[in-house]
>>> print(open('data_8.cif').read())   # mmCIF, C-alpha atoms
data_my_file
#
loop_
_atom_site.label_atom_id
_atom_site.label_comp_id
_atom_site.auth_asym_id
_atom_site.auth_seq_id
_atom_site.Cartn_x
_atom_site.Cartn_y
_atom_site.Cartn_z
CA MET A 1 24.65 -21.38 71.23
CA THR A 2 24.79 -17.81 70.04
CA THR A 3 22.24 -16.60 67.56
CA LEU A 4 22.42 -13.78 65.09
CA ASP A 5 20.45 -10.78 66.25
CA THR A 6 18.51 -9.75 63.17
CA THR A 7 16.93 -6.73 64.82
CA PRO A 8 18.27 -3.76 62.85
CA ALA A 9 19.61 -0.71 64.56
CA ALA A 10 17.29 2.16 63.87
CA PRO A 11 18.59 4.26 60.98
CA VAL A 12 17.97 7.95 60.76
CA ALA A 13 14.29 8.38 59.96
CA ALA A 14 13.19 10.88 57.36
CA PRO A 15 11.44 13.23 59.83
CA HIS A 16 14.52 13.15 62.06
CA ALA A 17 16.70 13.93 59.07
CA LEU A 18 14.52 16.91 58.20
CA THR A 19 14.64 18.12 61.79
CA ARG A 20 18.40 17.77 61.84
CA ALA A 21 18.63 19.66 58.55
CA TRP A 22 16.58 22.54 59.97
CA ARG A 23 18.72 22.68 63.10
CA THR A 24 21.81 22.71 60.93
CA LEU A 25 20.52 25.64 58.91
CA ARG A 26 19.74 27.59 62.05
CA SER A 27 23.22 26.96 63.44
CA SER A 28 25.10 27.85 60.25
CA ARG A 29 25.10 31.54 59.41
CA THR A 30 26.94 30.87 56.16
CA ALA A 31 24.29 28.40 55.00
CA LEU A 32 21.48 30.79 55.97
CA ILE A 33 23.05 33.67 54.04
CA GLY A 34 23.57 31.48 51.00
CA LEU A 35 20.03 30.14 51.03
CA ALA A 36 18.67 33.66 51.57
CA VAL A 37 20.50 34.86 48.44
CA VAL A 38 19.13 31.93 46.44
CA ALA A 39 15.63 32.56 47.82
CA VAL A 40 15.80 36.19 46.65
CA HIS A 41 16.70 35.01 43.15
CA VAL A 42 13.78 32.57 43.16
CA LEU A 43 11.34 35.24 44.32
CA VAL A 44 12.58 37.75 41.75
CA ALA A 45 12.23 35.18 38.97
CA LEU A 46 8.70 34.25 40.03
CA LEU A 47 7.61 37.86 40.48
CA ALA A 48 9.27 39.15 37.30
CA PRO A 49 5.93 40.07 35.60
CA LEU A 50 5.06 42.21 38.64
CA LEU A 51 8.48 43.87 38.87
CA THR A 52 8.60 45.13 35.29
CA SER A 53 6.03 46.08 32.68
CA TYR A 54 8.35 45.50 29.71
CA ASP A 55 8.30 42.47 27.44
CA PRO A 56 11.79 40.90 27.67
CA VAL A 57 11.74 39.75 24.02
CA ALA A 58 10.06 42.74 22.34
CA ASN A 59 12.37 44.68 19.97
CA ASP A 60 12.21 48.45 19.59
CA ALA A 61 14.87 49.85 17.28
CA SER A 62 14.06 53.41 18.30
CA GLN A 63 15.07 52.60 21.90
CA ALA A 64 18.32 50.77 21.13
CA LEU A 65 21.49 51.33 23.19
CA LEU A 66 19.99 53.71 25.73
CA GLY A 67 21.71 54.34 29.06
CA PRO A 68 20.01 54.06 32.45
CA SER A 69 17.04 56.38 32.88
CA ALA A 70 13.80 56.67 34.78
CA GLU A 71 12.07 54.79 31.96
CA HIS A 72 14.71 52.06 31.60
CA LEU A 73 16.50 51.67 34.93
CA ALA A 74 19.31 49.52 33.47
CA GLY A 75 19.13 50.88 29.93
CA THR A 76 18.40 48.94 26.74
CA ASP A 77 20.41 46.58 24.55
CA GLN A 78 21.23 46.80 20.86
CA TYR A 79 17.75 45.59 19.93
CA GLY A 80 15.96 48.10 22.13
CA ARG A 81 14.94 45.54 24.75
CA ASP A 82 14.81 46.56 28.39
CA VAL A 83 17.90 45.15 30.12
CA LEU A 84 16.32 44.94 33.58
CA ALA A 85 13.33 43.01 32.23
CA ARG A 86 15.62 40.50 30.52
CA VAL A 87 17.70 40.05 33.67
CA LEU A 88 14.59 39.47 35.81
CA TYR A 89 13.09 36.99 33.37
CA GLY A 90 16.52 35.44 32.74
CA GLY A 91 16.49 34.07 36.26
CA ARG A 92 13.55 31.86 35.29
CA TYR A 93 15.52 30.07 32.60
CA ALA A 94 18.69 29.82 34.68
CA LEU A 95 16.93 28.48 37.78
CA GLY A 96 14.43 26.26 35.97
CA VAL A 97 16.91 24.42 33.77
CA SER A 98 19.59 24.32 36.48
CA VAL A 99 17.28 22.86 39.13
CA ALA A 100 15.94 20.25 36.69
CA ALA A 101 19.44 19.27 35.56
CA THR A 102 20.77 19.11 39.11
CA LEU A 103 17.83 17.04 40.35
CA VAL A 104 18.24 14.51 37.54
CA THR A 105 22.01 14.38 38.02
CA VAL A 106 21.95 13.94 41.80
CA LEU A 107 19.06 11.44 41.67
CA ILE A 108 20.78 9.20 39.12
CA GLY A 109 24.18 9.58 40.78
CA THR A 110 22.78 8.79 44.23
CA VAL A 111 20.99 5.63 43.11
CA VAL A 112 23.95 4.34 41.08
CA GLY A 113 26.48 5.24 43.79
CA CYS A 114 24.51 3.47 46.52
CA ALA A 115 23.96 0.44 44.28
CA ALA A 116 27.70 0.23 43.58
CA ALA A 117 28.50 0.34 47.30
CA LEU A 118 25.88 -2.30 48.14
CA ARG A 119 26.56 -4.72 45.30
CA GLY A 120 30.35 -4.37 45.11
CA GLY A 121 32.23 -7.07 43.18
CA TRP A 122 32.35 -7.00 39.40
CA PHE A 123 29.58 -4.40 39.17
CA ASP A 124 31.57 -1.91 41.21
CA ASP A 125 34.77 -2.65 39.26
CA VAL A 126 33.16 -2.26 35.83
CA LEU A 127 31.32 0.88 36.91
CA GLY A 128 34.57 2.37 38.21
CA ARG A 129 36.31 1.86 34.87
CA VAL A 130 33.36 3.39 32.97
CA LEU A 131 33.35 6.43 35.27
CA ASP A 132 37.11 6.88 34.82
CA ALA A 133 36.64 6.91 31.04
CA ILE A 134 33.87 9.51 31.21
CA LEU A 135 35.74 11.70 33.71
CA SER A 136 38.80 11.75 31.47
CA VAL A 137 36.86 13.91 28.99
CA PRO A 138 36.81 17.66 29.85
CA SER A 139 33.37 18.78 30.99
CA ILE A 140 32.85 21.54 28.46
CA LEU A 141 33.97 19.24 25.62
CA ALA A 142 31.50 16.54 26.66
CA LEU A 143 28.73 19.14 26.84
CA LEU A 144 29.52 20.46 23.37
CA VAL A 145 29.55 16.95 21.91
CA VAL A 146 26.10 16.18 23.33
CA VAL A 147 24.45 19.45 22.27
CA THR A 148 26.09 19.32 18.84
CA ALA A 149 24.79 15.80 18.25
CA LEU A 150 21.29 16.26 19.70
CA GLY A 151 20.66 19.99 19.20
CA THR A 152 19.73 22.65 21.70
CA GLY A 153 16.81 22.93 24.08
CA PRO A 154 16.20 22.48 27.82
CA ALA A 155 15.78 18.68 27.60
CA VAL A 156 19.07 18.27 25.73
CA ILE A 157 20.89 20.54 28.19
CA VAL A 158 19.57 18.50 31.13
CA LEU A 159 20.81 15.32 29.43
CA ALA A 160 24.20 16.89 28.70
CA ILE A 161 24.61 18.03 32.32
CA ALA A 162 23.72 14.54 33.53
CA VAL A 163 26.35 12.97 31.26
CA VAL A 164 29.00 15.32 32.64
CA TYR A 165 28.21 15.30 36.36
CA VAL A 166 26.60 11.93 37.15
CA PRO A 167 30.01 10.19 37.33
CA GLN A 168 31.25 12.72 39.89
CA VAL A 169 28.10 12.39 42.00
CA VAL A 170 28.39 8.59 41.84
CA ARG A 171 31.90 8.74 43.27
CA VAL A 172 30.93 11.03 46.14
CA VAL A 173 27.79 9.10 47.09
CA ARG A 174 29.54 5.74 46.74
CA GLY A 175 32.22 6.90 49.17
CA ALA A 176 29.59 7.95 51.69
CA ALA A 177 27.57 4.76 51.24
CA LEU A 178 30.63 2.55 51.75
CA ALA A 179 30.81 3.86 55.32
CA VAL A 180 27.19 2.78 55.94
CA VAL A 181 27.21 -0.64 54.23
CA PRO A 182 29.20 -2.43 57.02
CA MET A 183 26.76 -1.26 59.71
CA ASP A 184 24.76 -3.85 61.68
CA TYR A 185 21.37 -2.70 60.42
CA VAL A 186 22.45 -3.18 56.79
CA THR A 187 23.83 -6.64 57.60
CA ALA A 188 20.57 -7.53 59.34
CA ALA A 189 18.52 -6.32 56.37
CA ARG A 190 20.57 -8.51 54.06
CA ALA A 191 20.10 -11.47 56.41
CA ARG A 192 16.33 -10.95 56.22
CA GLY A 193 16.58 -11.22 52.43
CA GLU A 194 15.53 -7.65 51.63
CA SER A 195 16.14 -6.45 48.10
CA THR A 196 18.93 -4.07 47.18
CA TRP A 197 16.39 -1.30 46.50
CA ALA A 198 14.72 -1.78 49.89
CA ILE A 199 18.06 -1.65 51.70
CA LEU A 200 19.08 1.41 49.74
CA ARG A 201 15.82 3.23 50.49
CA ARG A 202 15.36 2.26 54.16
CA GLU A 203 18.87 1.80 55.53
CA VAL A 204 21.42 3.65 53.37
CA LEU A 205 19.80 6.79 51.98
CA PRO A 206 18.50 8.14 55.32
CA ASN A 207 22.04 7.97 56.68
CA ILE A 208 23.74 9.85 53.83
CA THR A 209 21.15 12.61 53.49
CA ASP A 210 23.67 15.22 54.59
CA VAL A 211 26.15 14.24 51.87
CA VAL A 212 23.43 14.26 49.20
CA CYS A 213 22.17 17.71 50.26
CA VAL A 214 25.67 19.20 50.20
CA GLU A 215 26.30 17.56 46.84
CA PHE A 216 23.10 19.03 45.42
CA ALA A 217 23.96 22.57 46.53
CA MET A 218 27.52 22.31 45.21
CA ARG A 219 26.56 20.78 41.85
CA ALA A 220 23.81 23.36 41.38
CA SER A 221 26.36 26.19 41.39
CA TRP A 222 28.48 24.43 38.78
CA VAL A 223 25.42 23.60 36.67
CA VAL A 224 24.36 27.26 36.60
CA LEU A 225 27.81 28.24 35.33
CA LEU A 226 27.90 25.49 32.70
CA ILE A 227 24.45 26.36 31.36
CA SER A 228 25.39 30.03 31.11
CA SER A 229 28.65 29.06 29.38
CA LEU A 230 26.72 27.03 26.83
CA SER A 231 24.40 29.96 26.13
CA PHE A 232 27.38 32.30 25.79
CA LEU A 233 28.93 29.94 23.23
CA GLY A 234 25.68 29.70 21.29
CA PHE A 235 24.71 26.14 22.31
CA GLY A 236 22.24 26.95 25.08
CA ALA A 237 19.18 29.18 25.04
CA ASP A 238 18.00 30.27 21.59
CA PRO A 239 17.52 34.00 20.89
CA PRO A 240 15.51 35.95 21.90
CA THR A 241 15.12 33.88 25.10
CA PRO A 242 16.06 35.99 28.13
CA ASP A 243 19.11 34.17 29.47
CA TRP A 244 22.08 35.62 31.31
CA GLY A 245 24.77 33.86 29.30
CA LEU A 246 23.07 34.77 26.03
CA MET A 247 22.74 38.41 27.16
CA VAL A 248 26.48 38.67 27.76
CA ALA A 249 27.20 37.17 24.33
CA GLU A 250 24.76 39.51 22.55
CA ASN A 251 25.96 42.71 24.24
CA ARG A 252 29.70 42.19 24.69
CA THR A 253 30.51 44.13 21.52
CA ALA A 254 28.64 47.18 22.89
CA ILE A 255 30.02 46.99 26.42
CA THR A 256 31.67 50.41 26.15
CA VAL A 257 28.37 51.99 25.04
CA VAL A 258 25.90 50.26 27.36
CA PRO A 259 28.00 48.43 29.97
CA LEU A 260 24.99 47.43 32.09
CA ALA A 261 23.66 45.27 29.26
CA SER A 262 26.58 42.93 29.93
CA LEU A 263 27.34 43.69 33.57
CA ALA A 264 23.78 43.24 34.88
CA PRO A 265 23.48 39.56 33.85
CA ILE A 266 27.04 38.92 35.06
CA ILE A 267 26.18 40.35 38.49
CA ALA A 268 22.96 38.29 38.63
CA LEU A 269 24.85 35.11 37.71
CA ALA A 270 27.66 35.82 40.16
CA THR A 271 25.33 36.44 43.12
CA LEU A 272 23.38 33.24 42.43
CA VAL A 273 26.56 31.15 42.24
CA VAL A 274 27.95 32.76 45.39
CA GLY A 275 24.69 32.04 47.22
CA LEU A 276 24.76 28.38 46.19
CA ASN A 277 28.41 28.04 47.19
CA LEU A 278 27.79 29.63 50.58
CA ALA A 279 24.91 27.23 51.17
CA ALA A 280 27.07 24.25 50.20
CA ASP A 281 30.02 25.37 52.35
CA GLY A 282 27.82 26.16 55.35
CA LEU A 283 26.02 22.83 55.20
CA SER A 284 29.23 20.85 54.70
CA LYS A 285 30.87 22.46 57.74
CA ALA A 286 27.79 22.15 59.93
CA TRP A 287 27.29 18.49 59.03
CA GLY A 288 30.99 17.67 59.05
CA VAL A 289 30.99 16.60 55.41
CA ASP A 290 34.53 16.76 54.04
CA ARG A 291 33.99 17.67 50.39
CA ILE A 292 37.65 17.07 49.50
CA ARG A 293 37.76 13.71 51.23
CA GLU A 294 34.49 12.66 49.59
CA GLY A 295 36.02 13.23 46.18
CA SER A 296 34.16 16.36 45.08
#
>>> encode(input="data_8.cif", output="structure tokens")
Amino acid sequence: MTTLDTTPAAPVAAPHALTRAWRTLRSSRTALIGLAVVAVHVLVALLAPLLTSYDPVANDASQALLGPSAEHLAGTDQYGRDVLARVLYGGRYALGVSVAATLVTVLIGTVVGCAAALRGGWFDDVLGRVLDAILSVPSILALLVVVTALGTGPAVIVLAIAVVYVPQVVRVVRGAALAVVPMDYVTAARARGESTWAILRREVLPNITDVVCVEFAMRASWVVLLISSLSFLGFGADPPTPDWGLMVAENRTAITVVPLASLAPIIALATLVVGLNLAADGLSKAWGVDRIREGS
């Protein structure tokens, strides 16, 4: 008589996953360059008080609309605020809110996507129809609806980003988890009577870490752009908060007089997004994660 072997195959342990991630970074020049660019942005944002002596929100009408000089390296805006100081401090808002929103989005999307793959049946079918309904609404429209109804502020922006991007993360993670669910170690865990959460945490998540990491890097770049777009439209950061999108909106009418007041935040935003995209592309190629096939 044959008996069912309930000994699970060893999934990828967390330390092994971290080791593999480090080896991947070392082998991918694209990922290293992207992460280096992001790291520079993080350092600049953290060290902003040491890099400039100007208050990013202090107005000085006598210094308004000045060009680059030894005193103001990037000039001043229409309110007399130092442009360089606002760009340096603007990275704090962009990175802080973006990281928080991306973490919440990927965390919720990963848990729901794995649960859908494990449970299947009616839960997966109903969830799929709900996701289709949400994804049918344009992202920027959904964002505007949420911030219009609930107001502005970092917490509301994080919620709005989650509403927009959680369905997309769920689809990607669900697709990756479906490839793990039929494995012997998952079947053995079910035979032992382990809960869905235990199977998700011990058997599924360690084996889709690469997909989740790539998804985080890719979503982060889109989140940065969406948050800046909201600020540009007047639904994000409130004046006089130093924020790149808000800076472009405030200074676009004076772009012919003080072009750096608009160009400096655009350059900062562009380099951050490029860095995040390079990191995502490098990791996806090194790990063999097909972002198109996964539904991203």
>>> residues_around(input="data_8.cif", residues="Arg171 in chain A", least_positions_apart="6", cutoff="12 Å", atoms="only C-alpha atoms", output="ChimeraX atom specification")
/A:106,108-117,124,127-132,135,165,177-178,211-212,215,291-296
>>> write_last_selection(input="data_8.cif", atoms="C-alpha atoms", output="short mmCIF file (atom, residue, chain, number, x, y, z; two decimals), keeping the file's coordinate frame")
data_model
loop_
_atom_site.label_atom_id
_atom_site.label_comp_id
_atom_site.auth_asym_id
_atom_site.auth_seq_id
_atom_site.Cartn_x
_atom_site.Cartn_y
_atom_site.Cartn_z
CA VAL A 106 21.95 13.94 41.80
CA ILE A 108 20.78 9.20 39.12
CA GLY A 109 24.18 9.58 40.78
CA THR A 110 22.78 8.79 44.23
CA VAL A 111 20.99 5.63 43.11
CA VAL A 112 23.95 4.34 41.08
CA GLY A 113 26.48 5.24 43.79
CA CYS A 114 24.51 3.47 46.52
CA ALA A 115 23.96 0.44 44.28
CA ALA A 116 27.70 0.23 43.58
CA ALA A 117 28.50 0.34 47.30
CA ASP A 124 31.57 -1.91 41.21
CA LEU A 127 31.32 0.88 36.91
CA GLY A 128 34.57 2.37 38.21
CA ARG A 129 36.31 1.86 34.87
CA VAL A 130 33.36 3.39 32.97
CA LEU A 131 33.35 6.43 35.27
CA ASP A 132 37.11 6.88 34.82
CA LEU A 135 35.74 11.70 33.71
CA TYR A 165 28.21 15.30 36.36
CA ALA A 177 27.57 4.76 51.24
CA LEU A 178 30.63 2.55 51.75
CA VAL A 211 26.15 14.24 51.87
CA VAL A 212 23.43 14.26 49.20
CA GLU A 215 26.30 17.56 46.84
CA ARG A 291 33.99 17.67 50.39
CA ILE A 292 37.65 17.07 49.50
CA ARG A 293 37.76 13.71 51.23
CA GLU A 294 34.49 12.66 49.59
CA GLY A 295 36.02 13.23 46.18
CA SER A 296 34.16 16.36 45.08
#
>>> residues_near_point(input="data_8.cif", point="(27.8, 46.2, 24.4)", cutoff="12 Å", atoms="only C-alpha atoms", output="PyMOL selection string")
chain A and resi 64-67+75-79+83+247-264
>>> write_last_selection(input="data_8.cif", atoms="C-alpha atoms", output="PDB file, in the coordinates of the input")
ATOM      1  CA  ALA A  64      18.320  50.770  21.130  1.00  0.00           C
ATOM      2  CA  LEU A  65      21.490  51.330  23.190  1.00  0.00           C
ATOM      3  CA  LEU A  66      19.990  53.710  25.730  1.00  0.00           C
ATOM      4  CA  GLY A  67      21.710  54.340  29.060  1.00  0.00           C
ATOM      5  CA  GLY A  75      19.130  50.880  29.930  1.00  0.00           C
ATOM      6  CA  THR A  76      18.400  48.940  26.740  1.00  0.00           C
ATOM      7  CA  ASP A  77      20.410  46.580  24.550  1.00  0.00           C
ATOM      8  CA  GLN A  78      21.230  46.800  20.860  1.00  0.00           C
ATOM      9  CA  TYR A  79      17.750  45.590  19.930  1.00  0.00           C
ATOM     10  CA  VAL A  83      17.900  45.150  30.120  1.00  0.00           C
ATOM     11  CA  MET A 247      22.740  38.410  27.160  1.00  0.00           C
ATOM     12  CA  VAL A 248      26.480  38.670  27.760  1.00  0.00           C
ATOM     13  CA  ALA A 249      27.200  37.170  24.330  1.00  0.00           C
ATOM     14  CA  GLU A 250      24.760  39.510  22.550  1.00  0.00           C
ATOM     15  CA  ASN A 251      25.960  42.710  24.240  1.00  0.00           C
ATOM     16  CA  ARG A 252      29.700  42.190  24.690  1.00  0.00           C
ATOM     17  CA  THR A 253      30.510  44.130  21.520  1.00  0.00           C
ATOM     18  CA  ALA A 254      28.640  47.180  22.890  1.00  0.00           C
ATOM     19  CA  ILE A 255      30.020  46.990  26.420  1.00  0.00           C
ATOM     20  CA  THR A 256      31.670  50.410  26.150  1.00  0.00           C
ATOM     21  CA  VAL A 257      28.370  51.990  25.040  1.00  0.00           C
ATOM     22  CA  VAL A 258      25.900  50.260  27.360  1.00  0.00           C
ATOM     23  CA  PRO A 259      28.000  48.430  29.970  1.00  0.00           C
ATOM     24  CA  LEU A 260      24.990  47.430  32.090  1.00  0.00           C
ATOM     25  CA  ALA A 261      23.660  45.270  29.260  1.00  0.00           C
ATOM     26  CA  SER A 262      26.580  42.930  29.930  1.00  0.00           C
ATOM     27  CA  LEU A 263      27.340  43.690  33.570  1.00  0.00           C
ATOM     28  CA  ALA A 264      23.780  43.240  34.880  1.00  0.00           C
TER      29      ALA A 264
END
>>> closest_residue(input="data_8.cif", among="A:Val214, A:Val158, A:Leu118, A:Val164", to="Pro138 in chain A", atoms="all atoms listed in the file")
A:Val164
>>> closest_residue(input="data_8.cif", among="A:Thr52, A:Ser221, A:Ser27, A:Ser69", to="Leu272 in chain A", atoms="all atoms listed in the file")
A:Ser221
>>> atom_distance(input="data_8.cif", atom1="CA of Ile227 in chain A", atom2="CA of Leu107 in chain A")
18.9 Å
>>> closest_residue(input="data_8.cif", among="A:Gly91, A:Gly120, A:Pro206, A:Gly245", to="Leu226 in chain A", atoms="only C-alpha atoms")
A:Gly245
>>> closest_residue(input="data_8.cif", among="A:Ala286, A:Arg219, A:Ser229, A:Leu35", to="Val169 in chain A", atoms="only C-alpha atoms")
A:Arg219
>>> closest_residue(input="data_8.cif", among="A:Val224, A:Val180, A:Ala217, A:Val57", to="Ala268 in chain A", atoms="all atoms listed in the file")
A:Val224
>>> closest_residue(input="data_8.cif", among="A:Asn207, A:Ser139, A:Ser284, A:Thr30", to="Gln168 in chain A", atoms="all atoms listed in the file")
A:Ser139
>>> atom_distance(input="data_8.cif", atom1="CA of Gln63 in chain A", atom2="CA of Ala237 in chain A")
24.0 Å
>>> atom_distance(input="data_8.cif", atom1="CA of Leu73 in chain A", atom2="CA of Pro239 in chain A")
22.6 Å
>>> resolve_selection(input="data_8.cif", expression="the PyMOL selection byres ((chain A and resi 225) around 12)", output="PyMOL selection string")
chain A and resi 94-95+97-98+139-140+161+218-224+226-232+236+244-245+266+268-274+276-277
>>> resolve_selection(input="data_8.cif", expression="the PyMOL selection byres ((chain A and resi 48) around 10)", output="list in words")
Val42, Leu43, Val44, Ala45, Leu46, Leu47, Pro49, Leu50, Leu51, Thr52, Ser53, Tyr54, Leu84, Ala85, Arg86, Val87, Leu88, Tyr89, Gly90, Gly91 and Arg92 of chain A
>>> resolve_selection(input="data_8.cif", expression="the PyMOL selection byres ((chain A and resi 159) around 12)", output="ChimeraX atom specification")
/A:97-98,100-105,108,142-147,149-158,160-166,223,227
>>> write_last_selection(input="data_8.cif", atoms="C-alpha atoms", output="short mmCIF file (atom, residue, chain, number, x, y, z; two decimals), in the coordinates of the input")
data_model
loop_
_atom_site.label_atom_id
_atom_site.label_comp_id
_atom_site.auth_asym_id
_atom_site.auth_seq_id
_atom_site.Cartn_x
_atom_site.Cartn_y
_atom_site.Cartn_z
CA VAL A 97 16.91 24.42 33.77
CA SER A 98 19.59 24.32 36.48
CA ALA A 100 15.94 20.25 36.69
CA ALA A 101 19.44 19.27 35.56
CA THR A 102 20.77 19.11 39.11
CA LEU A 103 17.83 17.04 40.35
CA VAL A 104 18.24 14.51 37.54
CA THR A 105 22.01 14.38 38.02
CA ILE A 108 20.78 9.20 39.12
CA ALA A 142 31.50 16.54 26.66
CA LEU A 143 28.73 19.14 26.84
CA LEU A 144 29.52 20.46 23.37
CA VAL A 145 29.55 16.95 21.91
CA VAL A 146 26.10 16.18 23.33
CA VAL A 147 24.45 19.45 22.27
CA ALA A 149 24.79 15.80 18.25
CA LEU A 150 21.29 16.26 19.70
CA GLY A 151 20.66 19.99 19.20
CA THR A 152 19.73 22.65 21.70
CA GLY A 153 16.81 22.93 24.08
CA PRO A 154 16.20 22.48 27.82
CA ALA A 155 15.78 18.68 27.60
CA VAL A 156 19.07 18.27 25.73
CA ILE A 157 20.89 20.54 28.19
CA VAL A 158 19.57 18.50 31.13
CA ALA A 160 24.20 16.89 28.70
CA ILE A 161 24.61 18.03 32.32
CA ALA A 162 23.72 14.54 33.53
CA VAL A 163 26.35 12.97 31.26
CA VAL A 164 29.00 15.32 32.64
CA TYR A 165 28.21 15.30 36.36
CA VAL A 166 26.60 11.93 37.15
CA VAL A 223 25.42 23.60 36.67
CA ILE A 227 24.45 26.36 31.36
#
>>> build_atoms(input="data_8.cif", residues="range 227-234 of chain A", atoms="all heavy atoms", output="PDB file, in the coordinates of the input")
ATOM      1  N   ILE A 227      25.568  25.995  32.233  1.00  0.00           N
ATOM      2  CA  ILE A 227      24.450  26.360  31.360  1.00  0.00           C
ATOM      3  C   ILE A 227      24.656  27.754  30.781  1.00  0.00           C
ATOM      4  O   ILE A 227      24.411  27.997  29.586  1.00  0.00           O
ATOM      5  CB  ILE A 227      23.129  26.256  32.127  1.00  0.00           C
ATOM      6  CG1 ILE A 227      22.813  24.801  32.434  1.00  0.00           C
ATOM      7  CG2 ILE A 227      21.988  26.901  31.344  1.00  0.00           C
ATOM      8  CD1 ILE A 227      21.581  24.595  33.277  1.00  0.00           C
ATOM      9  N   SER A 228      25.126  28.682  31.612  1.00  0.00           N
ATOM     10  CA  SER A 228      25.390  30.030  31.110  1.00  0.00           C
ATOM     11  C   SER A 228      26.540  30.024  30.102  1.00  0.00           C
ATOM     12  O   SER A 228      26.516  30.770  29.113  1.00  0.00           O
ATOM     13  CB  SER A 228      25.732  30.962  32.283  1.00  0.00           C
ATOM     14  OG  SER A 228      24.622  31.105  33.144  1.00  0.00           O
ATOM     15  N   SER A 229      27.533  29.178  30.334  1.00  0.00           N
ATOM     16  CA  SER A 229      28.650  29.060  29.380  1.00  0.00           C
ATOM     17  C   SER A 229      28.163  28.534  28.042  1.00  0.00           C
ATOM     18  O   SER A 229      28.595  29.012  26.983  1.00  0.00           O
ATOM     19  CB  SER A 229      29.730  28.142  29.951  1.00  0.00           C
ATOM     20  OG  SER A 229      30.261  28.659  31.149  1.00  0.00           O
ATOM     21  N   LEU A 230      27.276  27.551  28.071  1.00  0.00           N
ATOM     22  CA  LEU A 230      26.720  27.030  26.830  1.00  0.00           C
ATOM     23  C   LEU A 230      25.955  28.106  26.070  1.00  0.00           C
ATOM     24  O   LEU A 230      26.073  28.231  24.848  1.00  0.00           O
ATOM     25  CB  LEU A 230      25.796  25.842  27.124  1.00  0.00           C
ATOM     26  CG  LEU A 230      26.453  24.492  27.415  1.00  0.00           C
ATOM     27  CD1 LEU A 230      25.388  23.461  27.753  1.00  0.00           C
ATOM     28  CD2 LEU A 230      27.283  24.025  26.233  1.00  0.00           C
ATOM     29  N   SER A 231      25.158  28.886  26.781  1.00  0.00           N
ATOM     30  CA  SER A 231      24.400  29.960  26.130  1.00  0.00           C
ATOM     31  C   SER A 231      25.345  31.011  25.545  1.00  0.00           C
ATOM     32  O   SER A 231      25.111  31.527  24.448  1.00  0.00           O
ATOM     33  CB  SER A 231      23.439  30.612  27.134  1.00  0.00           C
ATOM     34  OG  SER A 231      22.456  29.701  27.564  1.00  0.00           O
ATOM     35  N   PHE A 232      26.405  31.326  26.279  1.00  0.00           N
ATOM     36  CA  PHE A 232      27.380  32.300  25.790  1.00  0.00           C
ATOM     37  C   PHE A 232      28.042  31.818  24.503  1.00  0.00           C
ATOM     38  O   PHE A 232      28.301  32.602  23.588  1.00  0.00           O
ATOM     39  CB  PHE A 232      28.440  32.556  26.856  1.00  0.00           C
ATOM     40  CG  PHE A 232      29.506  33.536  26.441  1.00  0.00           C
ATOM     41  CD1 PHE A 232      29.280  34.900  26.522  1.00  0.00           C
ATOM     42  CD2 PHE A 232      30.729  33.092  25.962  1.00  0.00           C
ATOM     43  CE1 PHE A 232      30.249  35.807  26.116  1.00  0.00           C
ATOM     44  CE2 PHE A 232      31.705  33.988  25.561  1.00  0.00           C
ATOM     45  CZ  PHE A 232      31.473  35.353  25.655  1.00  0.00           C
ATOM     46  N   LEU A 233      28.289  30.513  24.410  1.00  0.00           N
ATOM     47  CA  LEU A 233      28.930  29.940  23.230  1.00  0.00           C
ATOM     48  C   LEU A 233      27.958  29.692  22.087  1.00  0.00           C
ATOM     49  O   LEU A 233      28.377  29.305  20.990  1.00  0.00           O
ATOM     50  CB  LEU A 233      29.633  28.633  23.602  1.00  0.00           C
ATOM     51  CG  LEU A 233      30.809  28.754  24.574  1.00  0.00           C
ATOM     52  CD1 LEU A 233      31.298  27.372  24.985  1.00  0.00           C
ATOM     53  CD2 LEU A 233      31.944  29.556  23.949  1.00  0.00           C
ATOM     54  N   GLY A 234      26.668  29.886  22.346  1.00  0.00           N
ATOM     55  CA  GLY A 234      25.680  29.700  21.290  1.00  0.00           C
ATOM     56  C   GLY A 234      25.051  28.322  21.250  1.00  0.00           C
ATOM     57  O   GLY A 234      24.381  27.971  20.275  1.00  0.00           O
TER      58      GLY A 234
END
